[in-house]
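Pasted below: upload-v4.cif, mmCIF, C-alpha atoms.
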data_entry
#
loop_
_atom_site.label_atom_id
_atom_site.label_comp_id
_atom_site.auth_asym_id
_atom_site.auth_seq_id
_atom_site.Cartn_x
_atom_site.Cartn_y
_atom_site.Cartn_z
CA MET O 552 -32.90 51.70 -48.75
CA LYS O 553 -35.68 54.09 -49.66
CA GLN O 554 -38.84 53.77 -47.60
CA GLU O 555 -41.76 53.08 -49.88
CA PRO O 556 -44.87 54.98 -48.93
CA ILE O 557 -47.78 52.78 -47.93
CA PRO O 558 -50.84 53.58 -50.04
CA ASN O 559 -52.87 55.75 -47.72
CA ILE O 560 -56.24 54.44 -48.87
CA ASP O 561 -59.11 56.29 -47.28
CA MET O 562 -61.73 53.60 -46.70
CA HIS O 563 -64.36 56.25 -47.31
CA SER O 564 -63.19 56.83 -50.87
CA ALA O 565 -61.95 53.38 -51.70
CA ASP O 566 -63.16 53.24 -55.31
CA SER O 567 -59.71 52.25 -56.51
CA GLN O 568 -59.97 49.15 -54.34
CA THR O 569 -62.56 47.58 -56.63
CA SER O 570 -59.75 46.69 -59.02
CA THR O 571 -59.11 42.95 -59.14
CA ARG O 572 -55.41 43.66 -58.51
CA SER O 573 -55.91 45.34 -55.20
CA LEU O 574 -56.16 44.24 -51.62
CA THR O 575 -56.93 45.87 -48.29
CA ILE O 576 -55.45 44.50 -45.09
CA LEU O 577 -57.49 45.53 -42.05
CA TYR O 578 -55.39 45.40 -38.90
CA ASP O 579 -55.19 46.75 -35.40
CA ASN O 580 -51.60 45.64 -34.74
CA ILE O 581 -48.90 44.88 -37.28
CA ARG O 582 -47.51 41.48 -36.39
CA TRP O 583 -45.05 39.47 -38.47
CA GLU O 584 -48.02 38.07 -40.39
CA GLU O 585 -49.48 41.42 -41.48
CA LYS O 586 -46.10 42.69 -42.58
CA ALA O 587 -45.44 39.49 -44.55
CA LEU O 588 -48.83 39.80 -46.29
CA TYR O 589 -48.12 43.43 -47.18
CA GLU O 590 -44.70 42.58 -48.58
CA ALA O 591 -46.04 39.58 -50.52
CA ALA O 592 -48.67 41.78 -52.16
CA LYS O 593 -46.14 44.48 -53.01
CA LYS O 594 -43.83 41.87 -54.53
CA LYS O 595 -46.66 40.81 -56.85
CA GLY O 596 -47.21 44.41 -57.92
CA ILE O 597 -50.60 44.58 -56.26
CA GLU O 598 -52.07 47.79 -54.97
CA VAL O 599 -52.23 47.07 -51.23
CA ALA O 600 -53.59 49.25 -48.47
CA ASN O 601 -52.97 48.68 -44.79
CA VAL O 602 -55.93 50.11 -42.90
CA ASP O 603 -55.80 50.49 -39.13
CA CYS O 604 -59.17 49.41 -37.71
CA LYS O 605 -58.64 51.90 -34.89
CA ASP O 606 -58.85 54.75 -37.44
CA LEU O 607 -61.91 53.36 -39.18
CA PHE O 608 -65.43 54.71 -38.98
CA VAL O 609 -68.19 53.30 -41.12
CA ASP O 610 -71.53 54.75 -42.19
CA LEU O 611 -73.70 51.72 -41.55
CA ASN O 612 -76.67 53.09 -43.51
CA ASN O 613 -74.83 53.58 -46.76
CA ASN O 614 -76.07 50.35 -48.26
CA GLY O 615 -77.45 51.75 -51.52
CA ASN O 616 -74.23 53.40 -52.59
CA SER O 617 -71.54 51.59 -50.69
CA LYS O 618 -67.93 52.32 -51.50
CA TYR O 619 -67.03 48.97 -50.00
CA GLN O 620 -68.97 47.02 -52.64
CA GLY O 621 -66.64 44.40 -54.06
CA VAL O 622 -63.61 45.58 -52.07
CA VAL O 623 -61.50 42.59 -51.02
CA ILE O 624 -60.54 43.00 -47.37
CA MET O 625 -58.32 40.62 -45.48
CA GLN O 626 -59.45 40.77 -41.87
CA ARG O 627 -56.36 40.64 -39.65
CA CYS O 628 -57.43 42.32 -36.41
CA VAL O 629 -55.93 40.60 -33.38
CA SER O 630 -58.82 41.87 -31.23
CA TYR O 631 -61.73 39.44 -31.51
CA PHE O 632 -64.38 42.09 -30.89
CA LYS O 633 -62.89 44.57 -33.37
CA SER O 634 -62.55 41.76 -35.89
CA VAL O 635 -66.06 40.36 -35.74
CA HIS O 636 -67.80 43.75 -35.59
CA SER O 637 -65.77 45.41 -38.35
CA THR O 638 -66.35 42.31 -40.48
CA ALA O 639 -70.11 42.61 -39.89
CA ALA O 640 -70.09 46.29 -40.84
CA LEU O 641 -67.94 46.01 -43.96
CA GLU O 642 -69.43 42.77 -45.25
CA GLY O 643 -72.89 44.25 -44.68
CA LEU O 644 -71.88 47.07 -47.02
CA GLY O 645 -70.76 44.71 -49.75
CA ALA O 646 -67.07 44.10 -49.03
CA LYS O 647 -65.63 40.66 -49.79
CA MET O 648 -64.24 39.77 -46.39
CA ILE O 649 -61.64 37.08 -45.85
CA ASN O 650 -62.89 35.51 -43.70
CA THR O 651 -66.62 36.10 -43.84
CA LEU O 652 -68.83 37.04 -40.91
CA GLU O 653 -70.17 33.49 -40.91
CA ALA O 654 -66.66 32.11 -40.36
CA ALA O 655 -65.77 34.80 -37.81
CA THR O 656 -68.90 34.04 -35.80
CA ASN O 657 -68.45 30.28 -35.91
CA CYS O 658 -64.70 30.22 -35.30
CA GLY O 659 -64.74 32.89 -32.60
CA ASN O 660 -66.87 30.79 -30.29
CA LYS O 661 -65.73 27.30 -29.32
CA LEU O 662 -69.25 26.06 -28.67
CA PHE O 663 -70.55 27.39 -32.01
CA ALA O 664 -67.57 25.86 -33.82
CA HIS O 665 -68.02 22.53 -32.06
CA MET O 666 -71.65 22.34 -33.16
CA LYS O 667 -70.82 23.17 -36.77
CA LEU O 668 -68.04 20.56 -36.82
CA GLN O 669 -70.11 17.80 -35.26
CA ARG O 670 -73.08 18.48 -37.55
CA ALA O 671 -70.74 18.17 -40.51
CA GLY O 672 -69.41 14.87 -39.16
CA VAL O 673 -65.91 16.23 -38.47
CA PRO O 674 -64.36 14.30 -35.55
CA THR O 675 -63.95 16.46 -32.44
CA PRO O 676 -63.10 15.84 -28.79
CA ARG O 677 -66.19 14.95 -26.78
CA ALA O 678 -67.62 18.10 -25.20
CA VAL O 679 -70.42 19.12 -22.86
CA SER O 680 -71.92 22.49 -22.10
CA ALA O 681 -73.83 23.85 -19.11
CA PHE O 682 -75.35 27.14 -18.08
CA SER O 683 -75.14 27.29 -14.29
CA GLU O 684 -72.72 26.34 -11.53
CA GLU O 685 -74.81 23.33 -10.51
CA SER O 686 -75.39 21.98 -13.99
CA ALA O 687 -71.70 22.50 -14.78
CA MET O 688 -70.74 20.13 -11.97
CA GLN O 689 -73.31 17.61 -13.25
CA ALA O 690 -71.97 17.97 -16.78
CA LEU O 691 -68.46 17.19 -15.55
CA ASP O 692 -69.73 14.10 -13.72
CA ARG O 693 -71.17 12.95 -17.06
CA LEU O 694 -67.99 13.78 -19.04
CA GLY O 695 -65.58 12.38 -16.43
CA TYR O 696 -62.15 13.51 -15.24
CA PRO O 697 -59.69 14.81 -16.24
CA ALA O 698 -61.54 17.42 -18.27
CA VAL O 699 -60.64 20.76 -19.82
CA ILE O 700 -62.60 23.96 -19.27
CA LYS O 701 -62.45 26.49 -22.08
CA PRO O 702 -64.08 29.91 -22.32
CA THR O 703 -66.38 29.92 -25.37
CA ILE O 704 -64.59 33.07 -26.58
CA GLY O 705 -60.86 33.37 -26.00
CA SER O 706 -57.44 32.73 -27.49
CA TRP O 707 -53.82 31.93 -26.82
CA GLY O 708 -54.78 29.43 -24.13
CA ARG O 709 -56.12 32.06 -21.75
CA LEU O 710 -58.49 30.79 -19.04
CA ILE O 711 -58.19 27.22 -20.29
CA ALA O 712 -57.68 24.92 -17.31
CA LEU O 713 -57.15 21.24 -16.74
CA LEU O 714 -59.66 19.89 -14.20
CA ARG O 715 -58.30 16.74 -12.61
CA ASP O 716 -61.07 16.17 -10.06
CA LYS O 717 -64.26 17.50 -8.51
CA ASP O 718 -62.52 19.79 -6.02
CA ALA O 719 -60.48 21.52 -8.71
CA SER O 720 -63.62 21.91 -10.82
CA ARG O 721 -65.63 23.40 -7.97
CA ALA O 722 -62.90 25.98 -7.32
CA VAL O 723 -62.55 27.00 -10.97
CA ILE O 724 -66.29 27.16 -11.56
CA GLU O 725 -66.83 29.22 -8.42
CA ASP O 726 -64.23 31.71 -9.70
CA ARG O 727 -65.94 31.88 -13.09
CA GLU O 728 -69.25 32.73 -11.39
CA HIS O 729 -67.65 36.00 -10.24
CA MET O 730 -66.57 36.92 -13.75
CA PHE O 731 -68.36 38.49 -16.72
CA PRO O 732 -71.52 36.48 -17.66
CA LEU O 733 -69.84 35.10 -20.79
CA TYR O 734 -67.77 32.94 -18.42
CA HIS O 735 -70.94 31.46 -16.91
CA ILE O 736 -71.43 29.64 -20.21
CA TYR O 737 -69.58 26.44 -19.43
CA TYR O 738 -67.84 24.49 -22.16
CA PHE O 739 -65.88 21.39 -21.20
CA GLU O 740 -63.92 19.01 -23.37
CA GLU O 741 -62.57 15.59 -22.57
CA PHE O 742 -58.80 15.61 -21.95
CA VAL O 743 -57.67 13.85 -25.11
CA GLU O 744 -55.07 11.09 -24.66
CA ARG O 745 -52.47 12.24 -27.17
CA PRO O 746 -48.77 12.75 -27.74
CA PRO O 747 -47.52 16.02 -26.11
CA ARG O 748 -48.30 17.97 -29.24
CA ASP O 749 -51.08 19.10 -31.54
CA ILE O 750 -51.20 20.01 -35.22
CA ARG O 751 -51.80 23.41 -36.79
CA ALA O 752 -52.74 23.19 -40.47
CA ILE O 753 -53.19 26.27 -42.64
CA VAL O 754 -56.09 25.92 -45.08
CA ILE O 755 -56.20 28.27 -48.05
CA GLY O 756 -59.30 27.69 -50.15
CA ASP O 757 -59.59 24.03 -50.98
CA ARG O 758 -56.13 22.88 -49.93
CA VAL O 759 -53.85 22.65 -46.93
CA ALA O 760 -50.85 24.89 -47.59
CA ALA O 761 -48.70 23.54 -44.75
CA ALA O 762 -48.89 22.03 -41.29
CA ILE O 763 -46.78 21.95 -38.15
CA TYR O 764 -46.68 20.00 -34.92
CA ARG O 765 -46.84 22.25 -31.87
CA TYR O 766 -45.17 20.77 -28.80
CA SER O 767 -46.01 21.97 -25.30
CA GLY O 768 -43.45 24.23 -23.64
CA GLU O 769 -41.63 23.05 -20.55
CA GLY O 770 -43.95 22.48 -17.57
CA GLU O 771 -46.98 23.25 -19.74
CA TRP O 772 -49.67 20.91 -21.12
CA LYS O 773 -51.12 23.46 -23.54
CA THR O 774 -49.49 23.58 -26.95
CA ASN O 775 -50.07 27.25 -27.83
CA MET O 776 -47.05 28.93 -29.39
CA ALA O 777 -48.03 32.00 -27.34
CA LEU O 778 -47.20 29.92 -24.24
CA GLY O 779 -43.73 28.95 -25.35
CA GLY O 780 -44.46 25.82 -27.35
CA ARG O 781 -42.09 24.71 -30.09
CA ALA O 782 -42.90 23.84 -33.69
CA GLU O 783 -41.82 21.06 -36.05
CA MET O 784 -42.81 20.26 -39.60
CA CYS O 785 -45.83 17.98 -40.08
CA ALA O 786 -46.40 16.14 -43.35
CA VAL O 787 -49.72 16.92 -45.00
CA THR O 788 -51.23 13.49 -45.54
CA GLY O 789 -54.39 12.83 -47.50
CA GLU O 790 -56.21 12.10 -44.24
CA LEU O 791 -55.06 15.38 -42.66
CA GLU O 792 -55.99 17.40 -45.72
CA GLU O 793 -59.43 15.82 -46.01
CA ILE O 794 -60.39 16.47 -42.39
CA CYS O 795 -59.04 20.04 -42.50
CA ILE O 796 -60.97 20.92 -45.66
CA ARG O 797 -64.14 19.50 -44.13
CA ALA O 798 -63.54 21.49 -40.94
CA ALA O 799 -62.95 24.73 -42.86
CA SER O 800 -66.05 24.15 -44.93
CA ALA O 801 -68.15 23.35 -41.83
CA VAL O 802 -67.44 26.79 -40.33
CA GLY O 803 -67.57 28.65 -43.67
CA GLY O 804 -63.85 29.45 -43.59
CA GLN O 805 -61.70 30.44 -46.58
CA ILE O 806 -58.27 30.96 -45.00
CA VAL O 807 -58.16 29.31 -41.59
CA GLY O 808 -55.82 27.59 -39.17
CA VAL O 809 -57.20 24.20 -38.16
CA ASP O 810 -55.97 22.77 -34.85
CA LEU O 811 -56.07 19.01 -34.44
CA MET O 812 -55.05 16.44 -31.86
CA GLU O 813 -54.01 12.85 -32.42
CA ASP O 814 -56.43 10.97 -30.18
CA LYS O 815 -54.97 7.58 -29.30
CA GLU O 816 -58.33 5.92 -30.00
CA LYS O 817 -60.22 8.14 -32.43
CA GLY O 818 -57.30 9.35 -34.55
CA LEU O 819 -57.34 12.98 -35.73
CA VAL O 820 -59.84 15.23 -33.97
CA VAL O 821 -60.38 18.95 -34.64
CA HIS O 822 -60.52 21.10 -31.54
CA GLU O 823 -60.38 24.56 -33.03
CA VAL O 824 -60.58 26.51 -36.27
CA ASN O 825 -58.96 29.97 -36.32
CA ASN O 826 -60.31 32.61 -38.69
CA THR O 827 -57.49 35.17 -38.29
CA THR O 828 -54.83 32.52 -38.06
CA GLU O 829 -51.24 33.25 -37.15
CA PHE O 830 -48.75 31.51 -39.45
CA LYS O 831 -45.30 32.85 -38.60
CA ASN O 832 -44.10 29.58 -37.10
CA THR O 833 -45.61 27.54 -39.94
CA VAL O 834 -43.67 29.59 -42.50
CA ARG O 835 -40.49 29.44 -40.42
CA VAL O 836 -40.62 25.67 -39.97
CA THR O 837 -41.99 24.55 -43.36
CA GLY O 838 -40.59 27.25 -45.66
CA VAL O 839 -43.94 27.41 -47.46
CA ASP O 840 -44.73 30.90 -48.71
CA ILE O 841 -48.12 31.15 -47.03
CA PRO O 842 -48.40 34.97 -47.34
CA SER O 843 -47.98 34.73 -51.12
CA MET O 844 -50.61 31.98 -51.33
CA MET O 845 -53.01 34.03 -49.22
CA VAL O 846 -52.59 37.04 -51.50
CA ASP O 847 -53.18 34.87 -54.58
CA TYR O 848 -56.36 33.53 -53.00
CA ALA O 849 -57.56 37.06 -52.20
CA LEU O 850 -57.00 38.12 -55.81
CA LYS O 851 -59.05 35.15 -57.01
CA ILE O 852 -61.88 36.17 -54.67
CA GLY O 853 -61.76 39.70 -56.10
CA LYS O 854 -62.36 38.57 -59.67
CA MET Z 1290 -33.89 56.65 -34.55
CA VAL Z 1291 -36.43 57.82 -31.95
CA LYS Z 1292 -36.07 58.57 -28.25
CA CYS Z 1293 -37.88 56.46 -25.69
CA PRO Z 1294 -40.28 58.77 -23.78
CA GLU Z 1295 -39.90 56.58 -20.68
CA CYS Z 1296 -36.12 56.26 -20.30
CA ASP Z 1297 -34.68 58.49 -23.04
CA ALA Z 1298 -32.78 55.61 -24.66
CA GLU Z 1299 -32.45 55.56 -28.44
CA ILE Z 1300 -34.75 53.15 -30.28
CA LYS Z 1301 -33.64 52.07 -33.74
CA VAL Z 1302 -36.36 52.09 -36.39
CA PRO Z 1303 -35.50 49.47 -39.04
CA GLU Z 1304 -35.30 50.56 -42.68
CA ASP Z 1305 -38.16 48.28 -43.75
CA SER Z 1306 -40.55 49.44 -41.02
CA ILE Z 1307 -44.20 50.06 -41.82
CA GLU Z 1308 -46.80 52.10 -40.03
CA GLY Z 1309 -48.46 50.26 -37.17
CA GLU Z 1310 -45.44 48.08 -36.42
CA ILE Z 1311 -44.33 47.76 -32.82
CA VAL Z 1312 -40.81 48.69 -31.71
CA THR Z 1313 -39.40 47.97 -28.27
CA CYS Z 1314 -37.01 50.11 -26.27
CA PRO Z 1315 -33.76 48.11 -25.84
CA ASP Z 1316 -33.18 49.63 -22.40
CA CYS Z 1317 -36.52 49.68 -20.54
CA GLY Z 1318 -38.55 47.29 -22.71
CA ALA Z 1319 -41.46 49.68 -23.29
CA GLY Z 1320 -43.39 48.95 -26.51
CA TYR Z 1321 -44.31 51.65 -29.03
CA GLU Z 1322 -46.35 51.73 -32.22
CA LEU Z 1323 -44.84 53.47 -35.25
CA VAL Z 1324 -46.98 56.28 -36.62
CA LYS Z 1325 -46.29 58.48 -39.65
CA SER Z 1326 -44.54 61.75 -38.88
CA LYS Z 1327 -46.59 64.89 -39.45
CA ASP Z 1328 -43.58 66.22 -41.35
CA SER Z 1329 -44.16 64.66 -44.78
CA SER Z 1330 -40.70 65.69 -46.00
CA LYS Z 1331 -39.10 63.05 -43.77
CA LYS Z 1332 -38.17 59.77 -45.43
CA GLY Z 1333 -37.18 56.25 -44.39
CA PRO Z 1334 -36.92 55.48 -40.66
CA ASP Z 1335 -37.04 59.23 -39.91
CA ALA Z 1336 -40.59 59.34 -41.31
CA PHE Z 1337 -41.92 57.75 -38.13
CA GLU Z 1338 -42.85 58.95 -34.68
CA ILE Z 1339 -43.92 56.68 -31.86
CA LYS Z 1340 -46.90 56.37 -29.56
CA PRO Z 1341 -47.37 53.93 -26.66
CA ALA Z 1342 -48.44 50.53 -28.00
CA GLN Z 1343 -51.72 49.03 -26.86
CA VAL Z 1344 -51.41 46.56 -24.03
CA VAL Z 1345 -52.51 43.02 -24.89
CA GLY Z 1346 -56.29 42.98 -24.74
CA GLU Z 1347 -58.40 40.29 -23.10
CA ASP Z 1348 -59.90 39.54 -26.50
CA TRP Z 1349 -56.64 39.33 -28.44
CA GLY Z 1350 -55.83 36.13 -30.24
CA GLN Z 1351 -56.28 34.41 -33.56
#

Written as structure tokens, that's how I'd like the structure from this file.
Amino acid sequence: MKQEPIPNIDMHSADSQTSTRSLTILYDNIRWEEKALYEAAKKKGIEVANVDCKDLFVDLNNNGNSKYQGVVIMQRCVSYFKSVHSTAALEGLGAKMINTLEAATNCGNKLFAHMKLQRAGVPTPRAVSAFSEESAMQALDRLGYPAVIKPTIGSWGRLIALLRDKDASRAVIEDREHMFPLYHIYYFEEFVERPPRDIRAIVIGDRVAAAIYRYSGEGEWKTNMALGGRAEMCAVTGELEEICIRAASAVGGQIVGVDLMEDKEKGLVVHEVNNTTEFKNTVRVTGVDIPSMMVDYALKIGK
Amino acid sequence: MVKCPECDAEIKVPEDSIEGEIVTCPDCGAGYELVKSKDSSKKGPDAFEIKPAQVVGEDWGQ
């Protein structure tokens, strides 16, 4: 099979990208998702450019005559810091980012996201925050045990710990005090009484494209697929769709992965919204062509 | 086909590969990122060279 050349779009002369039938995928690593998006766009006959964020430099003062004006860019960097900063730069120069800086900022920080969700009336796990070792212990006394500590910025379940009692909490918090100051911002959630699974729903625009249950891996309470969890199909009910759309809207998201738990008392609660969502397992389990739907959405945004 | 710089094993580059994709050495497990060959006359899997892939960053995720 002949290798098709990838359009080598120079982001500094990206005039051709203003066409409504074109799309730029900004990445730092090509995962299954980025490749699937590229192939979906090619299949639709769309001019698609894969741009490596690591090769990108941006003149931040070029606002009057920006070549990024109107360019539709799907932000797919796996690095949080590369993602949020490149989004700020390109959106500031007029690019139509999917997702926007607003969504990247809100989704990238669990405390920010929690506040947006609760202000919008989206059910969430109960959470408390504190800003010193002492107040963190007091906050946990108020919340009760078991509790879950989560870094405000972080993914794939890293540095998330289950705190069963005061001694465990003291040990974990003391460790955090020796880490980068970001980890001195304490964010705790109640440990939700739920089945050993959570739900990942992929929102594209104003609908839920598909959803899966994510079951914890063996010997693990976290449900992240990155930690060996397994996926099963989840029916998209009216209730699930409604809460997911409200959650996406609360954080300003266009294409997001909403994570929910089934609280035995409160019903569905949203504990996270992901702005550069992974969807490989959702496609594998549900058969829904999410990459194609994402490309269609991006084209609509470009019009 | 490219040679693993670590262990000299042969790494197969799939036909449908795209730039930026990660390939793994079947012998030593080292990960490499596919980059375009400087020789533009090369086509298909031969059009790629490899460089060491980034290690998973503390800020990686979704």

Run the PyMOL selection byres ((chain Z) within 6 of (chain O)) mentally over the shown coordinates, then write out the matched residues as a short mmCIF file (atom, residue, chain, number, x, y, z; two decimals) with C-alpha atoms, in the coordinates of the input, using the chain letters and numbers from the document.
data_model
loop_
_atom_site.label_atom_id
_atom_site.label_comp_id
_atom_site.auth_asym_id
_atom_site.auth_seq_id
_atom_site.Cartn_x
_atom_site.Cartn_y
_atom_site.Cartn_z
CA GLY Z 1309 -48.46 50.26 -37.17
CA GLU Z 1310 -45.44 48.08 -36.42
CA GLY Z 1333 -37.18 56.25 -44.39
CA ASP Z 1348 -59.90 39.54 -26.50
CA TRP Z 1349 -56.64 39.33 -28.44
CA GLY Z 1350 -55.83 36.13 -30.24
CA GLN Z 1351 -56.28 34.41 -33.56
#

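Between CA of Ala1342 (chain Z) and CA of Tyr1321 (chain Z) there is a distance of 4.4 Å.
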
Review point. Which residues match the PyMOL selection byres ((chain Z and resi 1291) around 12) in the file above, as a list in words?
Key: Met1290, Lys1292, Cys1293, Pro1294, Glu1295, Cys1296, Asp1297, Ala1298, Glu1299, Ile1300, Lys1301, Val1302, Pro1303, Val1312, Thr1313, Cys1314, Pro1315, Tyr1321, Glu1322, Leu1323, Val1324, Ser1326, Pro1334, Asp1335, Ala1336, Phe1337, Glu1338, Ile1339 and Lys1340 of chain Z

Exercise for review: Take the PyMOL selection byres ((chain O and resi 697) around 9), apply it to the structure above, and return the hits as a list in words.
Suggested key: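 Expected selection for the PyMOL selection byres ((chain O and resi 697) around 9) here is Leu694, Gly695, Tyr696, Ala698, Val699, Leu713, Leu714, Arg715, Asp716, Glu741 and Phe742 of chain O.
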
Point to revise | Atomic separation - CA of Val754 (chain O) relative to CA of Ser800 (chain O), Å | key: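 Between these atoms lies a distance of 10.1 Å.
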
Practice item. Work out how far apart CA of Ala722 (chain O) and CA of Tyr766 (chain O) are and give it in Å to one decimal. Key: 28.3 Å

**Study point:** Contacts of Pro842 (chain O) within 12 Å, all atoms listed in the file, excl. fewer than 5 positions in-chain, as number ranges by chain
**Key:** O: 583-595, 625, 753, 755, 760-761, 806, 828-831, 833-835, 847-849

Let's have the selection written as a compact mmCIF listing (two decimals), in the coordinates of the input, with C-alpha atoms.
# COMPACT_ATOMS: atom_id res chain seq x y z
CA TRP O 583 -45.05 39.47 -38.47
CA GLU O 584 -48.02 38.07 -40.39
CA GLU O 585 -49.48 41.42 -41.48
CA LYS O 586 -46.10 42.69 -42.58
CA ALA O 587 -45.44 39.49 -44.55
CA LEU O 588 -48.83 39.80 -46.29
CA TYR O 589 -48.12 43.43 -47.18
CA GLU O 590 -44.70 42.58 -48.58
CA ALA O 591 -46.04 39.58 -50.52
CA ALA O 592 -48.67 41.78 -52.16
CA LYS O 593 -46.14 44.48 -53.01
CA LYS O 594 -43.83 41.87 -54.53
CA LYS O 595 -46.66 40.81 -56.85
CA MET O 625 -58.32 40.62 -45.48
CA ILE O 753 -53.19 26.27 -42.64
CA ILE O 755 -56.20 28.27 -48.05
CA ALA O 760 -50.85 24.89 -47.59
CA ALA O 761 -48.70 23.54 -44.75
CA ILE O 806 -58.27 30.96 -45.00
CA THR O 828 -54.83 32.52 -38.06
CA GLU O 829 -51.24 33.25 -37.15
CA PHE O 830 -48.75 31.51 -39.45
CA LYS O 831 -45.30 32.85 -38.60
CA THR O 833 -45.61 27.54 -39.94
CA VAL O 834 -43.67 29.59 -42.50
CA ARG O 835 -40.49 29.44 -40.42
CA ASP O 847 -53.18 34.87 -54.58
CA TYR O 848 -56.36 33.53 -53.00
CA ALA O 849 -57.56 37.06 -52.20

Exercise for review: Write out as a list in words the residues lying within 10 Å of Val723 (chain O), counting only C-alpha atoms and excluding same-chain residues fewer than 5 positions away.
Suggested key: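 Listed by chain and then number, they are Ile700, Leu710, Ala712, Leu713, Leu714, Lys717, Asp718 and Glu728 of chain O.
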
Give me the box for region 841-845 of chain O as JSON, namely the centre and edge lengths in Å to one decimal of a box along x, y and z that holds every listed atom plus 6 Å on each side.
{"center_x": -50.5, "center_y": 33.1, "center_z": -49.2, "size_x": 17.0, "size_y": 15.8, "size_z": 16.3}
